[in-house]
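One file, entry.csv, carrying CSV, C-alpha atoms and all ligand atoms:
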chain,number,residue,atom,x,y,z
A,1,MET,CA,44.0,43.3,159.9
A,2,THR,CA,40.3,44.1,159.8
A,3,SER,CA,37.9,42.2,162.0
A,4,VAL,CA,34.2,42.2,162.0
A,5,THR,CA,31.9,39.7,163.6
A,6,ALA,CA,31.4,36.8,161.1
A,7,LEU,CA,28.3,35.6,163.0
A,8,PRO,CA,25.0,36.0,161.4
A,9,THR,CA,23.1,39.0,162.7
A,10,PRO,CA,20.6,37.8,165.2
A,11,GLU,CA,17.0,38.6,164.4
A,12,PRO,CA,15.7,41.5,166.5
A,13,THR,CA,13.9,40.0,169.4
A,14,GLY,CA,12.6,43.1,171.2
A,15,ALA,CA,10.9,46.2,170.0
A,16,ARG,CA,13.8,47.5,168.0
A,17,ARG,CA,13.8,47.2,164.3
A,18,PRO,CA,16.5,48.3,161.8
A,19,THR,CA,15.3,50.5,158.9
A,20,PRO,CA,17.3,50.7,155.6
A,21,ARG,CA,19.5,53.7,155.5
A,22,GLN,CA,21.4,55.6,152.8
A,23,TYR,CA,25.0,56.5,153.6
A,24,LEU,CA,27.6,58.5,151.7
A,25,MET,CA,31.2,57.4,152.2
A,26,CYS,CA,34.5,58.5,150.7
A,27,ARG,CA,37.2,55.8,150.0
A,28,PRO,CA,40.4,56.7,151.8
A,29,ASP,CA,42.4,56.6,148.5
A,30,HIS,CA,44.2,59.8,149.6
A,31,PHE,CA,44.1,59.3,153.3
A,32,ASP,CA,47.1,60.5,155.2
A,33,VAL,CA,48.0,62.5,158.3
A,34,THR,CA,50.1,65.4,157.0
A,35,TYR,CA,48.9,68.1,159.4
A,36,VAL,CA,47.6,68.3,162.9
A,37,ILE,CA,44.2,69.8,163.6
A,38,ASN,CA,43.1,67.7,166.5
A,39,PRO,CA,44.9,66.0,169.4
A,40,TRP,CA,44.6,62.5,167.8
A,41,MET,CA,46.8,63.4,164.8
A,42,ASP,CA,50.5,62.8,164.7
A,43,ALA,CA,52.0,63.6,161.4
A,44,SER,CA,55.4,62.1,162.3
A,45,THR,CA,54.5,58.5,161.7
A,46,PRO,CA,53.4,57.4,158.2
A,47,VAL,CA,49.9,55.9,157.8
A,48,ASP,CA,49.3,52.5,156.4
A,49,ARG,CA,46.9,53.4,153.6
A,50,ALA,CA,46.4,49.9,152.4
A,51,LEU,CA,45.2,49.0,155.9
A,52,ALA,CA,43.0,52.1,156.1
A,53,LEU,CA,41.4,51.0,152.8
A,54,ALA,CA,40.8,47.5,153.9
A,55,GLN,CA,39.2,48.7,157.2
A,56,TRP,CA,37.0,51.1,155.3
A,57,GLU,CA,35.9,48.4,152.8
A,58,THR,CA,34.9,46.3,155.8
A,59,LEU,CA,32.8,49.1,157.1
A,60,ARG,CA,31.1,49.6,153.8
A,61,ALA,CA,30.5,45.9,153.3
A,62,THR,CA,29.1,45.6,156.8
A,63,TYR,CA,26.6,48.4,156.1
A,64,GLU,CA,25.6,46.7,152.8
A,65,ARG,CA,25.3,43.3,154.4
A,66,HIS,CA,22.8,44.9,156.9
A,67,GLY,CA,20.6,46.2,154.1
A,68,HIS,CA,21.9,49.8,153.8
A,69,ARG,CA,22.7,51.5,150.6
A,70,VAL,CA,26.2,53.1,150.4
A,71,GLU,CA,27.0,55.8,147.9
A,72,VAL,CA,30.6,56.7,147.4
A,73,ILE,CA,32.1,60.1,146.6
A,74,ASP,CA,35.6,60.1,145.0
A,75,GLY,CA,38.4,61.4,147.2
A,76,VAL,CA,40.5,64.3,146.0
A,77,PRO,CA,44.3,64.1,146.0
A,78,GLY,CA,45.7,66.5,148.6
A,79,LEU,CA,42.6,66.2,150.8
A,80,PRO,CA,43.7,63.5,153.3
A,81,ASP,CA,40.8,64.0,155.6
A,82,MET,CA,38.1,63.7,153.0
A,83,VAL,CA,37.4,60.1,154.0
A,84,PHE,CA,35.5,61.7,157.0
A,85,ALA,CA,32.3,62.1,154.9
A,86,ALA,CA,30.2,63.1,158.0
A,87,ASN,CA,31.9,66.5,157.8
A,88,GLY,CA,30.7,67.1,154.2
A,89,GLY,CA,27.4,68.6,155.1
A,90,LEU,CA,23.9,67.8,156.4
A,91,VAL,CA,21.2,66.1,154.3
A,92,ILE,CA,17.6,65.7,155.4
A,93,GLY,CA,14.9,64.8,152.9
A,94,ASP,CA,15.2,67.0,149.8
A,95,ARG,CA,17.3,69.6,151.5
A,96,ALA,CA,21.1,69.7,151.8
A,97,ILE,CA,23.7,72.1,153.1
A,98,SER,CA,27.3,71.6,152.2
A,99,ALA,CA,30.1,72.2,154.8
A,100,ARG,CA,32.3,75.2,155.4
A,101,PHE,CA,35.3,74.0,157.2
A,102,ALA,CA,37.1,75.7,160.1
A,103,ASN,CA,40.6,74.7,159.1
A,104,PRO,CA,42.2,75.9,155.8
A,105,GLU,CA,43.6,72.3,155.3
A,106,ARG,CA,40.0,71.1,154.8
A,107,THR,CA,38.5,74.1,153.1
A,108,ALA,CA,38.4,72.5,149.6
A,109,GLU,CA,36.3,69.6,150.8
A,110,GLY,CA,33.3,71.8,151.2
A,111,PRO,CA,33.0,72.4,147.4
A,112,ALA,CA,33.8,68.8,146.7
A,113,TYR,CA,30.9,67.6,148.8
A,114,HIS,CA,28.7,70.4,147.4
A,115,ASP,CA,29.4,69.2,143.8
A,116,TRP,CA,28.5,65.7,144.7
A,117,MET,CA,25.2,66.8,146.2
A,118,SER,CA,24.5,69.1,143.3
A,119,ALA,CA,25.3,66.3,140.8
A,120,ARG,CA,22.8,64.1,142.5
A,121,GLY,CA,20.2,66.5,141.3
A,122,ARG,CA,17.6,66.0,144.0
A,123,TYR,CA,18.3,68.5,146.6
A,124,GLN,CA,17.4,72.0,147.4
A,125,LEU,CA,21.1,72.7,148.0
A,126,THR,CA,23.0,75.5,149.7
A,127,ALA,CA,26.6,76.1,150.7
A,128,ALA,CA,26.9,77.0,154.3
A,129,SER,CA,27.8,80.6,154.9
A,130,GLU,CA,28.8,80.0,158.5
A,131,THR,CA,31.5,77.6,159.7
A,132,ASN,CA,29.8,74.2,159.6
A,133,GLU,CA,31.4,70.8,159.7
A,134,GLY,CA,28.3,68.9,158.8
A,135,GLU,CA,27.2,65.8,160.7
A,136,GLY,CA,30.5,66.0,162.6
A,137,ASP,CA,28.7,68.7,164.7
A,138,PHE,CA,25.0,68.1,163.8
A,139,ALA,CA,23.3,65.0,165.1
A,140,VAL,CA,19.9,64.3,163.7
A,141,THR,CA,17.5,62.8,166.3
A,142,ARG,CA,13.9,62.0,166.2
A,143,ASP,CA,12.8,65.3,167.8
A,144,HIS,CA,15.5,67.8,166.8
A,145,ILE,CA,19.0,68.4,165.6
A,146,LEU,CA,21.6,68.5,168.3
A,147,ALA,CA,24.4,70.8,167.4
A,148,GLY,CA,27.9,71.1,168.8
A,149,THR,CA,30.1,74.2,169.0
A,150,GLY,CA,33.4,75.1,170.7
A,151,PHE,CA,36.0,73.8,168.3
A,152,ARG,CA,34.7,73.7,164.7
A,153,THR,CA,31.1,74.6,163.9
A,154,SER,CA,30.1,78.0,164.9
A,155,ARG,CA,27.0,78.9,166.9
A,156,THR,CA,25.8,81.1,164.0
A,157,ALA,CA,25.9,77.9,161.9
A,158,HIS,CA,23.4,76.4,164.3
A,159,GLU,CA,21.0,79.3,163.5
A,160,GLU,CA,21.6,78.9,159.8
A,161,VAL,CA,20.8,75.2,159.9
A,162,ALA,CA,17.7,75.7,162.0
A,163,GLU,CA,16.5,78.3,159.5
A,164,PHE,CA,17.4,76.3,156.3
A,165,PHE,CA,15.8,73.1,157.5
A,166,GLY,CA,13.0,74.7,159.5
A,167,LEU,CA,13.8,72.3,162.3
A,168,PRO,CA,14.6,72.9,166.0
A,169,VAL,CA,18.3,72.9,166.7
A,170,ILE,CA,19.7,72.5,170.3
A,171,SER,CA,23.1,74.1,170.8
A,172,LEU,CA,25.6,72.3,173.0
A,173,ASP,CA,29.1,73.5,174.1
A,174,LEU,CA,32.0,71.1,173.7
A,175,ILE,CA,34.9,71.8,176.0
A,176,ASP,CA,37.4,68.9,175.7
A,177,PRO,CA,39.7,69.1,172.7
A,178,ARG,CA,39.8,65.3,172.4
A,179,PHE,CA,36.1,65.5,171.6
A,180,TYR,CA,36.3,68.3,169.1
A,181,HIS,CA,33.2,67.3,167.1
A,182,LEU,CA,29.8,66.5,168.6
A,183,ASP,CA,29.9,63.0,167.0
A,184,THR,CA,32.8,62.1,169.2
A,185,ALA,CA,30.8,62.8,172.3
A,186,VAL,CA,27.2,61.8,171.3
A,187,MET,CA,25.8,58.8,169.5
A,188,VAL,CA,22.3,59.0,168.3
A,189,LEU,CA,20.2,55.9,169.0
A,190,ASP,CA,16.6,55.3,168.1
A,191,GLY,CA,14.8,57.8,170.3
A,192,THR,CA,17.6,58.3,172.8
A,193,ILE,CA,21.3,59.0,172.8
A,194,ALA,CA,24.6,57.7,174.3
A,195,TYR,CA,27.0,60.4,175.4
A,196,TYR,CA,30.0,61.4,177.5
A,197,PRO,CA,28.9,64.2,179.8
A,198,ALA,CA,32.4,65.5,180.6
A,199,ALA,CA,32.9,66.5,176.9
A,200,PHE,CA,30.3,69.2,177.5
A,201,SER,CA,30.1,72.4,179.5
A,202,GLY,CA,28.1,72.0,182.8
A,203,GLU,CA,25.2,73.7,181.3
A,204,SER,CA,25.1,71.6,178.2
A,205,ALA,CA,25.5,68.4,180.1
A,206,ARG,CA,22.6,69.4,182.4
A,207,LEU,CA,20.5,70.1,179.3
A,208,LEU,CA,21.2,66.7,177.9
A,209,ALA,CA,20.5,65.0,181.2
A,210,ARG,CA,17.1,66.8,181.3
A,211,MET,CA,16.3,66.0,177.6
A,212,TYR,CA,17.4,62.4,177.7
A,213,PRO,CA,16.8,61.0,181.2
A,214,ASP,CA,17.1,57.5,179.7
A,215,ALA,CA,20.4,58.1,177.8
A,216,ILE,CA,23.3,55.7,178.0
A,217,ILE,CA,26.2,57.4,179.8
A,218,ALA,CA,29.5,56.3,178.2
A,219,THR,CA,32.6,55.7,180.2
A,220,GLU,CA,35.7,57.8,179.7
A,221,ALA,CA,37.5,54.7,178.4
A,222,ASP,CA,35.0,54.2,175.7
A,223,ALA,CA,34.8,57.9,174.8
A,224,GLU,CA,38.6,57.9,174.5
A,225,VAL,CA,38.6,55.3,171.8
A,226,LEU,CA,35.9,57.2,170.0
A,227,GLY,CA,33.4,54.5,170.9
A,228,LEU,CA,30.6,57.0,170.7
A,229,ASN,CA,31.4,57.7,167.1
A,230,GLY,CA,29.0,55.1,165.9
A,231,VAL,CA,26.0,54.7,163.6
A,232,CYS,CA,22.6,53.2,164.6
A,233,ASP,CA,20.0,52.0,162.1
A,234,GLY,CA,17.3,51.5,164.8
A,235,TYR,CA,18.7,48.2,165.9
A,236,ASN,CA,22.2,47.5,164.8
A,237,VAL,CA,24.9,49.9,166.2
A,238,PHE,CA,28.1,50.0,164.2
A,239,LEU,CA,30.9,51.2,166.4
A,240,SER,CA,34.6,50.9,167.2
A,241,ASP,CA,35.6,47.4,168.3
A,242,ARG,CA,37.8,49.1,171.0
A,243,ALA,CA,34.8,50.1,173.0
A,244,THR,CA,34.5,47.8,176.0
A,245,THR,CA,31.5,48.8,178.1
A,246,LEU,CA,29.2,50.4,175.4
A,247,PRO,CA,28.4,47.1,173.7
A,248,ASP,CA,27.0,45.7,176.9
A,249,GLN,CA,25.1,48.9,177.6
A,250,LEU,CA,23.7,48.8,174.1
A,251,ARG,CA,22.7,45.1,174.4
A,252,ALA,CA,20.9,45.8,177.7
A,253,ARG,CA,18.7,48.3,175.8
A,254,GLY,CA,17.9,45.9,173.0
A,255,TYR,CA,20.4,47.1,170.4
A,256,ASN,CA,22.8,44.9,168.4
A,257,PRO,CA,26.3,46.3,168.7
A,258,ILE,CA,28.7,45.4,165.8
A,259,GLY,CA,32.3,46.1,166.4
A,260,ILE,CA,34.4,47.5,163.5
A,261,ASP,CA,38.2,47.9,163.5
A,262,LEU,CA,39.1,51.3,162.1
A,263,SER,CA,42.4,51.7,163.9
A,264,GLU,CA,44.2,53.3,161.0
A,265,LEU,CA,41.5,56.0,160.6
A,266,LEU,CA,41.6,56.6,164.4
A,267,ARG,CA,45.0,58.0,163.8
A,268,ALA,CA,43.4,61.1,162.2
A,269,GLY,CA,40.8,61.3,165.0
A,270,GLY,CA,37.9,59.5,163.3
A,271,SER,CA,35.9,56.3,163.5
A,272,VAL,CA,32.7,54.8,162.2
A,273,LYS,CA,30.4,57.8,162.3
A,274,CYS,CA,33.1,60.2,160.9
A,275,CYS,CA,33.3,58.0,157.8
A,276,THR,CA,29.6,58.1,157.3
A,277,LEU,CA,27.2,60.9,156.1
A,278,GLU,CA,23.7,59.7,156.5
A,279,LEU,CA,21.4,60.9,153.7
A,280,HIS,CA,18.4,61.1,156.0
A,281,ARG,CA,15.0,60.5,154.6
A,282,ALA,CA,12.3,63.1,154.9
A,283,GLY,CA,10.5,63.1,158.2
A,284,THR,CA,13.4,61.7,160.2
A,285,VAL,CA,12.9,64.6,162.6
A,286,LEU,CA,9.3,64.7,163.8
A,287,ASP,CA,9.1,68.4,164.3
A,288,SER,CA,6.6,68.7,167.1
A,289,SER,CA,7.3,72.5,167.3
A,290,ALA,CA,5.9,72.9,163.8
A,291,ALA,CA,2.2,73.4,162.9
A,301,LIG,N1,41.2,64.8,161.0
A,301,LIG,C1,39.8,65.2,160.9
A,301,LIG,C2,39.6,66.5,161.5
A,301,LIG,O1,40.2,66.8,162.5
A,301,LIG,C3,39.0,64.1,161.5
A,301,LIG,C4,37.5,64.4,161.3
A,301,LIG,C5,36.6,63.4,162.0
A,301,LIG,N2,35.3,63.6,161.6
A,301,LIG,C6,34.2,63.6,162.5
A,301,LIG,N3,33.0,63.7,162.0
A,301,LIG,N4,34.4,63.7,163.8
A,301,LIG,O2,38.9,67.3,161.0

Please lay out the structure from this file as structure tokens.
Amino acid sequence: MTSVTALPTPEPTGARRPTPRQYLMCRPDHFDVTYVINPWMDASTPVDRALALAQWETLRATYERHGHRVEVIDGVPGLPDMVFAANGGLVIGDRAISARFANPERTAEGPAYHDWMSARGRYQLTAASETNEGEGDFAVTRDHILAGTGFRTSRTAHEEVAEFFGLPVISLDLIDPRFYHLDTAVMVLDGTIAYYPAAFSGESARLLARMYPDAIIATEADAEVLGLNGVCDGYNVFLSDRATTLPDQLRARGYNPIGIDLSELLRAGGSVKCCTLELHRAGTVLDSSAA
């Protein structure tokens, strides 16, 4: 069963406006849970791949209905987590870095995403030399790139990304294995973020509180259903339909939350954002430190 609100999208009434985005997604043709590399995964019960496909198609159709362009990379047999396109790399403007995975089970995804980026022919492209799980651990905000470390992406990868893109990168320490990627603990909104402070070390949580005094603080219940693993286009916020408090928090700030059922993909520890690599347009990060 897939569910998505059938109601027409209300026109933005406040100051928030959606902007058309480009997303890269990977159909879950080979999706499975055959190994365990995060606490969400349980390889002992079979996945319902048809359901995963139907849920994924709903997400893709929802993006397209809201004016976003979705490009699709072919999945590779034997790479059951490749559906989580966010991990494939980081793309901003004409620069792209492809991932270098922490776990051997996912290693071959790095070259697969690299080849896709290379075939697109429009990037100054490099393969990460440090352990780097792409947008799973790098969140592109208006002012900088937030970067997670602790479980997957290494701190040296943060330096590599800062240098490659010439943009400021803020390192944050993740401490709770349930929130093993930054995109499970932070959702980028237009100009601010939503996050779950307990997923971070005290120092990193204090840093976020200082940087984003107006942030939305997610409840543990919403973090625990990967409610923060959402995608914002400036107005619409595509997120798990299991989040209960976040939709109201978002509405109160003028956003339009759109609930998506990705229950089958959640069994591998992923939700909306994990399935989505944004191909960010140039100038997404207003680098005030440059010049
Ligand atoms: N099973 C995958 C892993 O553990 C899930 C990846 C989810 N992706 C993400 N961007 N958080 O690597």

Inset, instruction - Find, counting all atoms listed in the file, the residue in A:Ile260, A:Met41, A:Val140, A:Met25 that gets nearest to ligand LIG 301 (chain A). - result: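 Residue with the minimum atom-to-atom distance to ligand LIG 301 (chain A): A:Met41.
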
Legend entry - For region 99-102 of chain A: contacts at 7 Å, only C-alpha atoms, fewer than 5 positions along chain excluded, given as a list in words: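 Everything that qualifies: Asn87, Gly88, Gly89, Thr107, Gly110, Ala127, Ala128, Glu130, Thr131, Asn132, Glu133, Gly134 and Arg152 of chain A.
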
Since we have the selection now, will you write its residues out, keeping C-alpha atoms, as an mmCIF file, in the coordinates of the input?
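Output contents, as saved in again-v6.cif:
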data_model
loop_
_atom_site.group_PDB
_atom_site.id
_atom_site.type_symbol
_atom_site.label_atom_id
_atom_site.label_comp_id
_atom_site.auth_asym_id
_atom_site.auth_seq_id
_atom_site.Cartn_x
_atom_site.Cartn_y
_atom_site.Cartn_z
ATOM 1 C CA ASN A 87 31.900 66.500 157.800
ATOM 2 C CA GLY A 88 30.700 67.100 154.200
ATOM 3 C CA GLY A 89 27.400 68.600 155.100
ATOM 4 C CA THR A 107 38.500 74.100 153.100
ATOM 5 C CA GLY A 110 33.300 71.800 151.200
ATOM 6 C CA ALA A 127 26.600 76.100 150.700
ATOM 7 C CA ALA A 128 26.900 77.000 154.300
ATOM 8 C CA GLU A 130 28.800 80.000 158.500
ATOM 9 C CA THR A 131 31.500 77.600 159.700
ATOM 10 C CA ASN A 132 29.800 74.200 159.600
ATOM 11 C CA GLU A 133 31.400 70.800 159.700
ATOM 12 C CA GLY A 134 28.300 68.900 158.800
ATOM 13 C CA ARG A 152 34.700 73.700 164.700
#

Legend entry - Site check for ligand LIG 301 (chain A): residues at most 9 Å away, only C-alpha atoms and all ligand atoms, as a PyMOL selection string: chain A and resi 33+35-41+80-88+101-103+105-106+133-137+152+179-184+229+265-277

Each residue of region 61-141 of chain A with at least one atom at most 9 Å from region 233-252 of chain A should appear once, together with its nearest atom pair and the corresponding distance in Å (one decimal); atoms considered: only C-alpha atoms; ordering: chain, then increasing residue number; output as a Markdown table.
| residue | atom | partner | partner_atom | distance |
| --- | --- | --- | --- | --- |
| A:Thr62 | CA | A:Phe238 | CA | 8.7 |
| A:Tyr63 | CA | A:Phe238 | CA | 8.4 |
| A:His66 | CA | A:Asn236 | CA | 8.3 |
| A:His68 | CA | A:Asp233 | CA | 8.8 |

Inset, instruction - Would you mind reading off the distance between CA of Asp74 (chain A) and CA of Arg95 (chain A), one decimal, in Å? - result: 21.6 Å

Inset, instruction - For each of A:Pro28, A:Thr284, A:Ser204, A:Val169, take the minimum atom-to-atom distance to Gly191 (chain A), counting only C-alpha atoms, then give the residue where this is smallest. - result: A:Thr284
